[in-house]
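Data file: start.cif. Format and content: mmCIF, C-alpha atoms.
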data_protein
#
loop_
_atom_site.group_PDB
_atom_site.id
_atom_site.type_symbol
_atom_site.label_atom_id
_atom_site.label_comp_id
_atom_site.auth_asym_id
_atom_site.auth_seq_id
_atom_site.Cartn_x
_atom_site.Cartn_y
_atom_site.Cartn_z
ATOM 1 C CA GLY A 1 -27.691 14.539 -13.093
ATOM 2 C CA GLU A 2 -28.341 11.137 -14.580
ATOM 3 C CA ASN A 3 -27.825 8.017 -12.458
ATOM 4 C CA VAL A 4 -27.873 4.529 -13.967
ATOM 5 C CA GLU A 5 -28.251 1.389 -11.905
ATOM 6 C CA GLN A 6 -27.642 -2.111 -13.225
ATOM 7 C CA HIS A 7 -28.466 -5.619 -11.996
ATOM 8 C CA PRO A 8 -27.186 -8.183 -11.440
ATOM 9 C CA SER A 9 -23.529 -7.365 -10.887
ATOM 10 C CA THR A 10 -22.542 -10.926 -11.777
ATOM 11 C CA LEU A 11 -24.397 -13.531 -13.798
ATOM 12 C CA SER A 12 -23.522 -17.116 -14.631
ATOM 13 C CA VAL A 13 -25.492 -19.092 -17.177
ATOM 14 C CA GLN A 14 -25.115 -22.422 -18.922
ATOM 15 C CA GLU A 15 -24.202 -22.334 -22.565
ATOM 16 C CA GLY A 16 -27.367 -22.168 -24.623
ATOM 17 C CA ASP A 17 -29.449 -20.519 -21.903
ATOM 18 C CA SER A 18 -30.640 -16.907 -21.978
ATOM 19 C CA ALA A 19 -29.162 -14.019 -20.027
ATOM 20 C CA VAL A 20 -31.022 -10.893 -18.961
ATOM 21 C CA ILE A 21 -29.466 -7.724 -17.589
ATOM 22 C CA LYS A 22 -31.648 -4.919 -16.255
ATOM 23 C CA CYS A 23 -30.993 -1.219 -15.881
ATOM 24 C CA THR A 24 -32.845 1.764 -14.498
ATOM 25 C CA TYR A 25 -32.176 5.452 -15.052
ATOM 26 C CA SER A 26 -33.219 8.566 -13.208
ATOM 27 C CA ASP A 27 -33.371 11.406 -15.734
ATOM 28 C CA SER A 28 -36.671 11.471 -17.633
ATOM 29 C CA ALA A 29 -34.971 13.549 -20.366
ATOM 30 C CA SER A 30 -32.709 10.638 -21.297
ATOM 31 C CA ASN A 31 -33.684 9.202 -24.655
ATOM 32 C CA TYR A 32 -30.681 7.220 -25.871
ATOM 33 C CA PHE A 33 -29.662 3.912 -24.300
ATOM 34 C CA PRO A 34 -26.602 2.048 -25.589
ATOM 35 C CA TRP A 35 -25.132 -1.231 -24.394
ATOM 36 C CA TYR A 36 -21.409 -1.974 -24.433
ATOM 37 C CA LYS A 37 -19.484 -5.214 -24.086
ATOM 38 C CA GLN A 38 -16.002 -5.161 -22.581
ATOM 39 C CA GLU A 39 -13.702 -8.142 -22.661
ATOM 40 C CA LEU A 40 -10.818 -8.326 -20.216
ATOM 41 C CA GLY A 41 -8.142 -5.771 -21.027
ATOM 42 C CA LYS A 42 -10.042 -4.463 -24.031
ATOM 43 C CA ARG A 43 -12.041 -1.354 -24.839
ATOM 44 C CA PRO A 44 -15.832 -1.218 -24.433
ATOM 45 C CA GLN A 45 -17.559 -1.949 -27.728
ATOM 46 C CA LEU A 46 -21.080 -0.954 -28.683
ATOM 47 C CA ILE A 47 -23.261 -4.003 -29.243
ATOM 48 C CA ILE A 48 -26.735 -2.512 -29.516
ATOM 49 C CA ASP A 49 -28.554 0.708 -28.725
ATOM 50 C CA ILE A 50 -32.133 1.915 -28.512
ATOM 51 C CA ARG A 51 -33.692 5.330 -28.766
ATOM 52 C CA SER A 52 -36.826 6.403 -26.958
ATOM 53 C CA ASN A 53 -39.084 6.290 -29.980
ATOM 54 C CA VAL A 54 -39.070 2.466 -29.960
ATOM 55 C CA GLY A 55 -39.796 -0.111 -27.288
ATOM 56 C CA GLU A 56 -37.719 -3.009 -28.551
ATOM 57 C CA LYS A 57 -34.839 -3.676 -30.905
ATOM 58 C CA LYS A 58 -33.282 -6.967 -31.994
ATOM 59 C CA ASP A 59 -30.008 -7.922 -33.605
ATOM 60 C CA GLN A 60 -29.587 -11.675 -34.038
ATOM 61 C CA ARG A 61 -29.228 -13.149 -30.522
ATOM 62 C CA ILE A 62 -29.332 -9.781 -28.784
ATOM 63 C CA ALA A 63 -32.399 -7.720 -27.983
ATOM 64 C CA VAL A 64 -33.018 -4.616 -25.921
ATOM 65 C CA THR A 65 -36.316 -3.451 -24.468
ATOM 66 C CA LEU A 66 -37.204 -0.021 -23.117
ATOM 67 C CA ASN A 67 -39.979 1.040 -20.778
ATOM 68 C CA LYS A 68 -39.837 4.840 -20.615
ATOM 69 C CA THR A 69 -42.687 5.111 -18.146
ATOM 70 C CA ALA A 70 -40.890 2.956 -15.624
ATOM 71 C CA LYS A 71 -37.429 4.183 -16.691
ATOM 72 C CA HIS A 72 -36.282 0.604 -17.217
ATOM 73 C CA PHE A 73 -34.344 -0.974 -20.051
ATOM 74 C CA SER A 74 -33.010 -4.491 -20.426
ATOM 75 C CA LEU A 75 -30.561 -6.524 -22.487
ATOM 76 C CA HIS A 76 -31.538 -10.046 -23.518
ATOM 77 C CA ILE A 77 -29.003 -12.495 -24.923
ATOM 78 C CA THR A 78 -30.417 -15.781 -26.199
ATOM 79 C CA GLU A 79 -28.582 -19.033 -26.931
ATOM 80 C CA THR A 80 -25.534 -17.830 -25.015
ATOM 81 C CA GLN A 81 -22.087 -18.932 -26.103
ATOM 82 C CA PRO A 82 -18.762 -18.934 -24.212
ATOM 83 C CA GLU A 83 -17.598 -15.940 -26.272
ATOM 84 C CA ASP A 84 -20.447 -13.916 -24.771
ATOM 85 C CA SER A 85 -18.527 -13.966 -21.465
ATOM 86 C CA ALA A 86 -17.567 -10.362 -20.726
ATOM 87 C CA VAL A 87 -18.618 -7.331 -18.721
ATOM 88 C CA TYR A 88 -21.697 -5.584 -20.082
ATOM 89 C CA PHE A 89 -22.438 -1.930 -19.422
ATOM 90 C CA CYS A 90 -25.718 -0.149 -19.965
ATOM 91 C CA ALA A 91 -25.755 3.618 -20.394
ATOM 92 C CA ALA A 92 -28.099 6.545 -20.805
ATOM 93 C CA SER A 93 -27.879 10.021 -22.246
ATOM 94 C CA SER A 94 -29.988 12.809 -23.630
ATOM 95 C CA GLU A 95 -29.588 12.947 -27.374
ATOM 96 C CA THR A 96 -31.100 16.344 -27.907
ATOM 97 C CA SER A 97 -28.688 18.184 -25.629
ATOM 98 C CA TYR A 98 -25.638 16.036 -26.433
ATOM 99 C CA ASP A 99 -25.407 15.315 -22.781
ATOM 100 C CA LYS A 100 -22.684 13.050 -21.481
ATOM 101 C CA VAL A 101 -23.196 9.296 -21.606
ATOM 102 C CA ILE A 102 -23.512 7.869 -18.107
ATOM 103 C CA PHE A 103 -22.761 4.203 -17.548
ATOM 104 C CA GLY A 104 -24.153 1.662 -15.147
ATOM 105 C CA PRO A 105 -21.685 -0.214 -12.909
ATOM 106 C CA GLY A 106 -21.537 -3.239 -15.184
ATOM 107 C CA THR A 107 -22.545 -6.905 -15.173
ATOM 108 C CA SER A 108 -19.934 -9.621 -15.368
ATOM 109 C CA LEU A 109 -21.444 -12.425 -17.462
ATOM 110 C CA SER A 110 -19.934 -15.895 -17.419
ATOM 111 C CA VAL A 111 -21.196 -18.489 -19.862
ATOM 112 C CA ILE A 112 -20.336 -21.985 -18.682
ATOM 113 C CA PRO A 113 -19.668 -24.487 -21.457
ATOM 114 C CA ASN B 1 -11.267 5.057 -41.444
ATOM 115 C CA ALA B 2 -9.136 4.893 -38.339
ATOM 116 C CA GLY B 3 -10.891 4.573 -35.042
ATOM 117 C CA VAL B 4 -10.228 6.506 -31.870
ATOM 118 C CA MET B 5 -6.492 6.517 -31.283
ATOM 119 C CA GLN B 6 -4.995 6.733 -27.822
ATOM 120 C CA ASN B 7 -1.393 6.864 -26.743
ATOM 121 C CA PRO B 8 0.493 5.779 -24.910
ATOM 122 C CA ARG B 9 -1.206 2.429 -24.363
ATOM 123 C CA HIS B 10 0.770 1.847 -21.191
ATOM 124 C CA LEU B 11 2.452 4.421 -19.008
ATOM 125 C CA VAL B 12 4.409 3.991 -15.788
ATOM 126 C CA ARG B 13 5.021 7.015 -13.601
ATOM 127 C CA ARG B 14 6.576 7.497 -10.186
ATOM 128 C CA ARG B 15 4.586 9.279 -7.526
ATOM 129 C CA GLY B 16 4.815 13.030 -8.023
ATOM 130 C CA GLN B 17 5.470 12.902 -11.768
ATOM 131 C CA GLU B 18 3.137 14.085 -14.484
ATOM 132 C CA ALA B 19 1.150 11.897 -16.860
ATOM 133 C CA ARG B 20 -0.082 13.061 -20.269
ATOM 134 C CA LEU B 21 -2.544 10.934 -22.179
ATOM 135 C CA ARG B 22 -3.428 11.731 -25.763
ATOM 136 C CA CYS B 23 -6.520 10.984 -27.807
ATOM 137 C CA SER B 24 -7.257 11.527 -31.471
ATOM 138 C CA PRO B 25 -10.967 11.130 -32.232
ATOM 139 C CA MET B 26 -12.356 9.259 -35.188
ATOM 140 C CA LYS B 27 -12.212 11.172 -38.457
ATOM 141 C CA GLY B 28 -15.099 13.588 -38.634
ATOM 142 C CA HIS B 29 -15.790 13.468 -34.888
ATOM 143 C CA SER B 30 -15.666 16.704 -32.947
ATOM 144 C CA HIS B 31 -16.771 15.518 -29.503
ATOM 145 C CA VAL B 32 -14.346 13.844 -27.100
ATOM 146 C CA TYR B 33 -15.044 12.170 -23.762
ATOM 147 C CA TRP B 34 -12.664 10.855 -21.144
ATOM 148 C CA TYR B 35 -13.614 8.038 -18.777
ATOM 149 C CA ARG B 36 -11.632 6.434 -15.976
ATOM 150 C CA GLN B 37 -11.888 2.756 -15.102
ATOM 151 C CA LEU B 38 -10.370 1.458 -11.904
ATOM 152 C CA PRO B 39 -9.525 -2.272 -11.805
ATOM 153 C CA GLU B 40 -12.686 -4.379 -11.915
ATOM 154 C CA GLU B 41 -14.886 -1.305 -11.750
ATOM 155 C CA GLY B 42 -17.121 0.634 -14.110
ATOM 156 C CA LEU B 43 -16.596 3.551 -16.462
ATOM 157 C CA LYS B 44 -16.626 6.848 -14.609
ATOM 158 C CA PHE B 45 -17.248 9.970 -16.665
ATOM 159 C CA MET B 46 -14.542 12.595 -16.288
ATOM 160 C CA VAL B 47 -14.889 15.274 -18.939
ATOM 161 C CA TYR B 48 -16.618 16.084 -22.237
ATOM 162 C CA LEU B 49 -14.947 18.406 -24.707
ATOM 163 C CA GLN B 50 -15.497 19.883 -28.118
ATOM 164 C CA LYS B 51 -12.822 21.695 -30.068
ATOM 165 C CA GLU B 52 -11.397 24.430 -27.823
ATOM 166 C CA ASN B 53 -14.254 24.060 -25.348
ATOM 167 C CA ILE B 54 -14.839 22.118 -22.160
ATOM 168 C CA ILE B 55 -18.538 21.262 -22.207
ATOM 169 C CA ASP B 56 -18.821 19.287 -18.979
ATOM 170 C CA GLU B 57 -16.041 18.572 -16.490
ATOM 171 C CA SER B 58 -18.253 17.514 -13.612
ATOM 172 C CA GLY B 59 -16.410 14.193 -13.258
ATOM 173 C CA MET B 60 -12.930 15.635 -13.057
ATOM 174 C CA PRO B 61 -11.174 15.701 -9.681
ATOM 175 C CA LYS B 62 -10.833 19.290 -8.524
ATOM 176 C CA GLU B 63 -7.061 19.194 -8.314
ATOM 177 C CA ARG B 64 -4.221 17.837 -10.421
ATOM 178 C CA PHE B 65 -6.405 16.838 -13.392
ATOM 179 C CA SER B 66 -6.951 18.909 -16.519
ATOM 180 C CA ALA B 67 -8.073 18.282 -20.082
ATOM 181 C CA GLU B 68 -7.955 20.138 -23.348
ATOM 182 C CA PHE B 69 -8.965 19.641 -26.954
ATOM 183 C CA PRO B 70 -7.161 22.265 -29.022
ATOM 184 C CA LYS B 71 -8.137 23.453 -32.461
ATOM 185 C CA GLU B 72 -5.296 21.432 -33.928
ATOM 186 C CA GLY B 73 -4.002 18.157 -32.528
ATOM 187 C CA PRO B 74 -5.269 15.536 -30.107
ATOM 188 C CA SER B 75 -7.153 15.898 -26.887
ATOM 189 C CA ILE B 76 -4.889 15.661 -23.849
ATOM 190 C CA LEU B 77 -5.694 14.490 -20.344
ATOM 191 C CA ARG B 78 -3.054 15.722 -17.944
ATOM 192 C CA ILE B 79 -2.521 14.426 -14.435
ATOM 193 C CA GLN B 80 -0.044 16.334 -12.310
ATOM 194 C CA GLN B 81 1.772 14.970 -9.256
ATOM 195 C CA VAL B 82 0.375 11.478 -9.734
ATOM 196 C CA VAL B 83 -0.471 9.303 -6.740
ATOM 197 C CA ARG B 84 -0.977 5.529 -6.511
ATOM 198 C CA GLY B 85 -4.750 5.999 -6.599
ATOM 199 C CA ASP B 86 -4.488 7.445 -10.106
ATOM 200 C CA SER B 87 -3.516 4.017 -11.413
ATOM 201 C CA ALA B 88 -6.319 3.071 -13.779
ATOM 202 C CA ALA B 89 -7.314 2.656 -17.396
ATOM 203 C CA TYR B 90 -8.234 5.937 -19.035
ATOM 204 C CA PHE B 91 -10.532 5.575 -22.003
ATOM 205 C CA CYS B 92 -11.193 8.236 -24.564
ATOM 206 C CA ALA B 93 -14.317 8.151 -26.701
ATOM 207 C CA SER B 94 -15.557 10.292 -29.545
ATOM 208 C CA SER B 95 -18.800 11.078 -31.292
ATOM 209 C CA SER B 96 -20.043 13.269 -34.082
ATOM 210 C CA GLN B 97 -23.160 15.288 -34.490
ATOM 211 C CA ASN B 98 -24.386 12.783 -37.061
ATOM 212 C CA SER B 99 -24.031 9.828 -34.710
ATOM 213 C CA GLY B 100 -26.240 11.397 -32.089
ATOM 214 C CA ASN B 101 -24.782 10.317 -28.806
ATOM 215 C CA THR B 102 -23.250 7.072 -30.050
ATOM 216 C CA ILE B 103 -19.723 7.128 -28.669
ATOM 217 C CA TYR B 104 -16.846 4.964 -29.838
ATOM 218 C CA PHE B 105 -13.999 4.091 -27.520
ATOM 219 C CA GLY B 106 -10.288 3.999 -28.042
ATOM 220 C CA GLU B 107 -8.150 1.130 -26.795
ATOM 221 C CA GLY B 108 -7.398 2.932 -23.572
ATOM 222 C CA SER B 109 -4.281 4.123 -21.776
ATOM 223 C CA TRP B 110 -3.223 2.095 -18.748
ATOM 224 C CA LEU B 111 -1.506 4.266 -16.150
ATOM 225 C CA THR B 112 0.502 2.625 -13.396
ATOM 226 C CA VAL B 113 1.898 4.775 -10.602
ATOM 227 C CA VAL B 114 4.767 3.221 -8.668
#

What does the file become when written as structure tokens?
Amino acid sequence: GENVEQHPSTLSVQEGDSAVIKCTYSDSASNYFPWYKQELGKRPQLIIDIRSNVGEKKDQRIAVTLNKTAKHFSLHITETQPEDSAVYFCAASSETSYDKVIFGPGTSLSVIP
Amino acid sequence: NAGVMQNPRHLVRRRGQEARLRCSPMKGHSHVYWYRQLPEEGLKFMVYLQKENIIDESGMPKERFSAEFPKEGPSILRIQQVVRGDSAAYFCASSSQNSGNTIYFGEGSWLTVV
């Protein structure tokens, strides 16, 4: 089955700096890669996703890149703000077979004012 | 359009009791997923269901845990004879055919076993 790894497990950045979180996946059939943000005591919320037919997607300060050959995908947050502090989870699944969504272990991001 | 609804939000059970967690998917969604999250840990897949069918239960513990998604009514995750190690947040998520595999989470049910 699919296995998703995520690095780093914790990340501290100064407000205004960029943050990068990297993930790898094992199943070459995976073609859908969402990212979720979870604040303490809250539910995970989808912040951006990418499908295998594109290599990069941007939404304001957030961007995601995908390298299918290397089975890598990354989340980039620019101009970080204190409210970006949360745990971020990457995930992978196979869209065509409606396979289950498998999550990475998470990255705890702290943005220091 | 209401989101994924879970109840109860918080549940306290004594060791050996049963816990029942309920999940109503978003309107129009026919796929339900249950994930478990231990304190300060990640989201572990438990089970994936469609109406009246268990599609994938590879993440479910072999004993004491069961899940269903009947034709009418919410999906239910049932934990029998709870133990302290069952204490966790249980998140339900749903998706529809039209959303591909985009899943939307409920607020979670926090189970505490005392």

query = Applied to the shown file, which residues does the PyMOL selection byres ((chain B and resi 23) around 8) return, written as a PyMOL selection string?
reply = chain B and resi 4-7+21-22+24-25+74-76+92+106

query = What are the residues of chain B that have an atom within 10 Å of an atom of chain A, counting all atoms listed in the file, as a PyMOL selection string?
reply = chain B and resi 31+33+35+39-49+55-58+89+91-93+95-97+99-110

key: Explicit residue set for the PyMOL selection byres ((chain A and resi 12) around 9), as number ranges by chain   = A: 10-11, 13-14, 19, 108-112

ask   = Counting only C-alpha atoms, what is within 12 Å of Arg64 of chain B, bar same-chain residues fewer than 5 positions away, as a ChimeraX atom specification?
value = /B:16-20,77-83,86

message = Please determine, counting only C-alpha atoms, which residue among B:Gly3, B:Ala67, B:Gly59, B:Leu11 has the shortest atom-to-atom distance to Val113 of chain B.
response =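 Distance minimum relative to Val113 of chain B lands on B:Leu11.
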
query = Taking the file as shown, what set of residues would the PyMOL selection byres ((chain A and resi 57-71) around 9) give back, as a PyMOL selection string?
reply = chain A and resi 23-28+31+33+35+47-52+54-56+72-80

Padding 3 Å on each side, edges along x, y and z: where is the centre of the box around the listed atoms of segment 63-78 of chain B, and how long are its edges in Å to one decimal? Output it as AutoDock Vina command-line options.
--center_x -6.0 --center_y 19.0 --center_z -21.1 --size_x 11.9 --size_y 15.0 --size_z 31.6

query = Could you state the separation of atom CA of Ser94 of chain B and atom CA of Arg9 of chain B in Å, given to one decimal place?
reply =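 Taking atom CA of Ser94 of chain B and atom CA of Arg9 of chain B, their separation equals 17.2 Å.
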
inquiry  = Counting only C-alpha atoms, which residue out of A:Ile21, A:Ser9, A:Glu15, A:Ser30 sits closest to Pro82 of chain A?
reply    = A:Glu15

message = Nearest residue to Asn3 of chain A out of A:Ser85, A:Cys90, A:Ser18, A:Glu39, using only C-alpha atoms?
response = A:Cys90

message = Between atom CA of His29 of chain B and atom CA of Pro8 of chain B, what is the distance in Å, rounded to a tenth?
response = 20.6 Å

message = So the first atom is atom CA of Phe65 of chain B and the second is atom CA of Lys37 of chain A; what is the distance between them in Å, to one decimal place?
response =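 Answer for the atom CA of Phe65 of chain B to atom CA of Lys37 of chain A separation: 27.8 Å.
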
query = What would the list of residues within 6 Å of (-8.5, 20.3, -30.6) (file frame) look like as a VMD selection string, if all atoms listed in the file are what count?
reply = chain B and resid 51 to 52 69 to 75

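Among the candidates B:Arg84, B:Lys27, B:Tyr90, B:Gln50, the one nearest to Arg13 of chain B when counting all atoms listed in the file is B:Arg84.
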
Please rebuild segment 11-22 of chain B with all heavy atoms and give the result as a short mmCIF file (atom, residue, chain, number, x, y, z; two decimals), keeping the file's coordinate frame.
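In the end it all went to selection_31.cif:
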data_model
loop_
_atom_site.label_atom_id
_atom_site.label_comp_id
_atom_site.auth_asym_id
_atom_site.auth_seq_id
_atom_site.Cartn_x
_atom_site.Cartn_y
_atom_site.Cartn_z
N LEU B 11 1.59 3.37 -19.53
CA LEU B 11 2.45 4.42 -19.01
C LEU B 11 2.74 4.14 -17.55
O LEU B 11 1.81 3.89 -16.77
CB LEU B 11 1.75 5.78 -19.17
CG LEU B 11 2.50 7.02 -18.71
CD1 LEU B 11 3.74 7.23 -19.55
CD2 LEU B 11 1.59 8.25 -18.80
N VAL B 12 4.01 4.17 -17.18
CA VAL B 12 4.41 3.99 -15.79
C VAL B 12 5.01 5.30 -15.30
O VAL B 12 5.89 5.85 -15.96
CB VAL B 12 5.43 2.85 -15.63
CG1 VAL B 12 5.83 2.71 -14.15
CG2 VAL B 12 4.84 1.53 -16.13
N ARG B 13 4.52 5.78 -14.18
CA ARG B 13 5.02 7.02 -13.60
C ARG B 13 5.29 6.80 -12.12
O ARG B 13 4.60 6.03 -11.44
CB ARG B 13 4.01 8.16 -13.76
CG ARG B 13 3.94 8.73 -15.17
CD ARG B 13 5.17 9.56 -15.47
NE ARG B 13 5.19 10.11 -16.81
CZ ARG B 13 5.79 9.53 -17.84
NH1 ARG B 13 6.40 8.37 -17.69
NH2 ARG B 13 5.78 10.10 -19.01
N ARG B 14 6.31 7.50 -11.63
CA ARG B 14 6.58 7.50 -10.19
C ARG B 14 5.68 8.55 -9.53
O ARG B 14 5.27 9.53 -10.18
CB ARG B 14 8.04 7.82 -9.92
CG ARG B 14 9.01 6.79 -10.44
CD ARG B 14 10.43 7.09 -9.99
NE ARG B 14 11.36 6.12 -10.57
CZ ARG B 14 11.56 4.91 -10.07
NH1 ARG B 14 10.92 4.52 -8.99
NH2 ARG B 14 12.42 4.11 -10.65
N ARG B 15 5.39 8.31 -8.28
CA ARG B 15 4.59 9.28 -7.53
C ARG B 15 5.20 10.68 -7.64
O ARG B 15 6.41 10.85 -7.51
CB ARG B 15 4.51 8.87 -6.06
CG ARG B 15 3.50 7.78 -5.79
CD ARG B 15 3.51 7.38 -4.33
NE ARG B 15 4.77 6.74 -3.96
CZ ARG B 15 5.12 6.44 -2.73
NH1 ARG B 15 4.32 6.73 -1.72
NH2 ARG B 15 6.27 5.85 -2.49
N GLY B 16 4.36 11.65 -7.91
CA GLY B 16 4.82 13.03 -8.02
C GLY B 16 5.11 13.48 -9.45
O GLY B 16 5.21 14.68 -9.71
N GLN B 17 5.21 12.53 -10.38
CA GLN B 17 5.47 12.90 -11.77
C GLN B 17 4.17 13.30 -12.46
O GLN B 17 3.08 13.19 -11.89
CB GLN B 17 6.14 11.74 -12.51
CG GLN B 17 7.56 11.47 -12.06
CD GLN B 17 8.22 10.38 -12.89
OE1 GLN B 17 7.62 9.36 -13.24
NE2 GLN B 17 9.49 10.60 -13.23
N GLU B 18 4.31 13.71 -13.70
CA GLU B 18 3.14 14.08 -14.48
C GLU B 18 2.85 13.01 -15.53
O GLU B 18 3.77 12.40 -16.08
CB GLU B 18 3.40 15.43 -15.18
CG GLU B 18 2.26 15.90 -16.07
CD GLU B 18 2.55 17.23 -16.75
OE1 GLU B 18 2.54 18.26 -16.06
OE2 GLU B 18 2.79 17.23 -17.99
N ALA B 19 1.56 12.81 -15.80
CA ALA B 19 1.15 11.90 -16.86
C ALA B 19 0.35 12.67 -17.89
O ALA B 19 -0.52 13.48 -17.54
CB ALA B 19 0.31 10.77 -16.29
N ARG B 20 0.67 12.43 -19.16
CA ARG B 20 -0.08 13.06 -20.27
C ARG B 20 -0.60 11.96 -21.17
O ARG B 20 0.17 11.17 -21.72
CB ARG B 20 0.82 14.00 -21.05
CG ARG B 20 1.06 15.31 -20.38
CD ARG B 20 1.72 16.30 -21.32
NE ARG B 20 1.97 17.55 -20.63
CZ ARG B 20 1.76 18.75 -21.17
NH1 ARG B 20 1.33 18.83 -22.42
NH2 ARG B 20 2.00 19.83 -20.47
N LEU B 21 -1.90 11.93 -21.34
CA LEU B 21 -2.54 10.93 -22.18
C LEU B 21 -3.17 11.65 -23.36
O LEU B 21 -3.84 12.67 -23.19
CB LEU B 21 -3.60 10.18 -21.37
CG LEU B 21 -3.14 9.65 -20.01
CD1 LEU B 21 -4.30 8.98 -19.29
CD2 LEU B 21 -1.98 8.70 -20.17
N ARG B 22 -2.97 11.06 -24.54
CA ARG B 22 -3.43 11.73 -25.76
C ARG B 22 -4.51 10.92 -26.47
O ARG B 22 -4.51 9.68 -26.42
CB ARG B 22 -2.25 11.95 -26.72
CG ARG B 22 -1.29 13.02 -26.24
CD ARG B 22 -0.08 13.13 -27.15
NE ARG B 22 0.78 11.96 -27.04
CZ ARG B 22 1.69 11.79 -26.08
NH1 ARG B 22 1.86 12.72 -25.15
NH2 ARG B 22 2.43 10.71 -26.06
#
